[in-house]
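In what follows, a single structure is set out as structure tokens and then discussed.
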Amino acid sequence: MDVKIRTMMESDLEMTQERFCAAMIARLPAMEDETLERYFGALSKLVEKLEDEGKSLGQVLNETMTEVAALVMQEMQRSQ
């Protein structure tokens, strides 16, 4: 990838990550306790795996999806 394009992409990713964090922080006060617990559990597992520099992003996503699939399904069923 061209260095200029990569730099712009990294900047866009940082901006999007900041928007994600702001959006989720804004939602926290309205979250039900059970939802808050599930979200914390899923996010904690993801961050822990991301901190392991020995794992590829693909490994991180595969492991995380396997572990949090049940939590995602619970949340989807609650919103129906």
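Following the order of the structure tokens, chains are lettered A, B, ..., residues in each are numbered from 1, and ligands are numbered from 1.
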
* To do: Can you pull out every residue within 9 Å of segment 38-52 of chain A, counting only C-alpha atoms, but drop anything in the same chain fewer than 4 positions away, and send it as a list in words?
  => Asp33, Glu34, Ser56, Leu57, Gln59, Val60, Leu61, Glu63, Thr64, Glu67, Val68, Leu71, Val72 and Glu75 of chain A

* Work out how far apart atom CA of Glu32 of chain A and atom CA of Arg78 of chain A are and give it in Å to one decimal. =>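 Value for the atom CA of Glu32 of chain A-atom CA of Arg78 of chain A distance: 10.9 Å.
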
* **atom CA of Leu13 of chain A to atom CA of Gly58 of chain A, distance in Å rounded to a single decimal** =>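 Spanning atom CA of Leu13 of chain A to atom CA of Gly58 of chain A is a straight-line distance of 17.5 Å.
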
* Do you have the atom CA of Glu37 of chain A-atom CA of Thr16 of chain A distance handy? ->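 Pair atom CA of Glu37 of chain A / atom CA of Thr16 of chain A returns 24.1 Å.
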
* To do: Output as a VMD selection string all residues of chain A that backbone DSSP marks as alpha helix (DSSP H).
  => chain A and resid 3 to 27 33 to 50 57 to 78
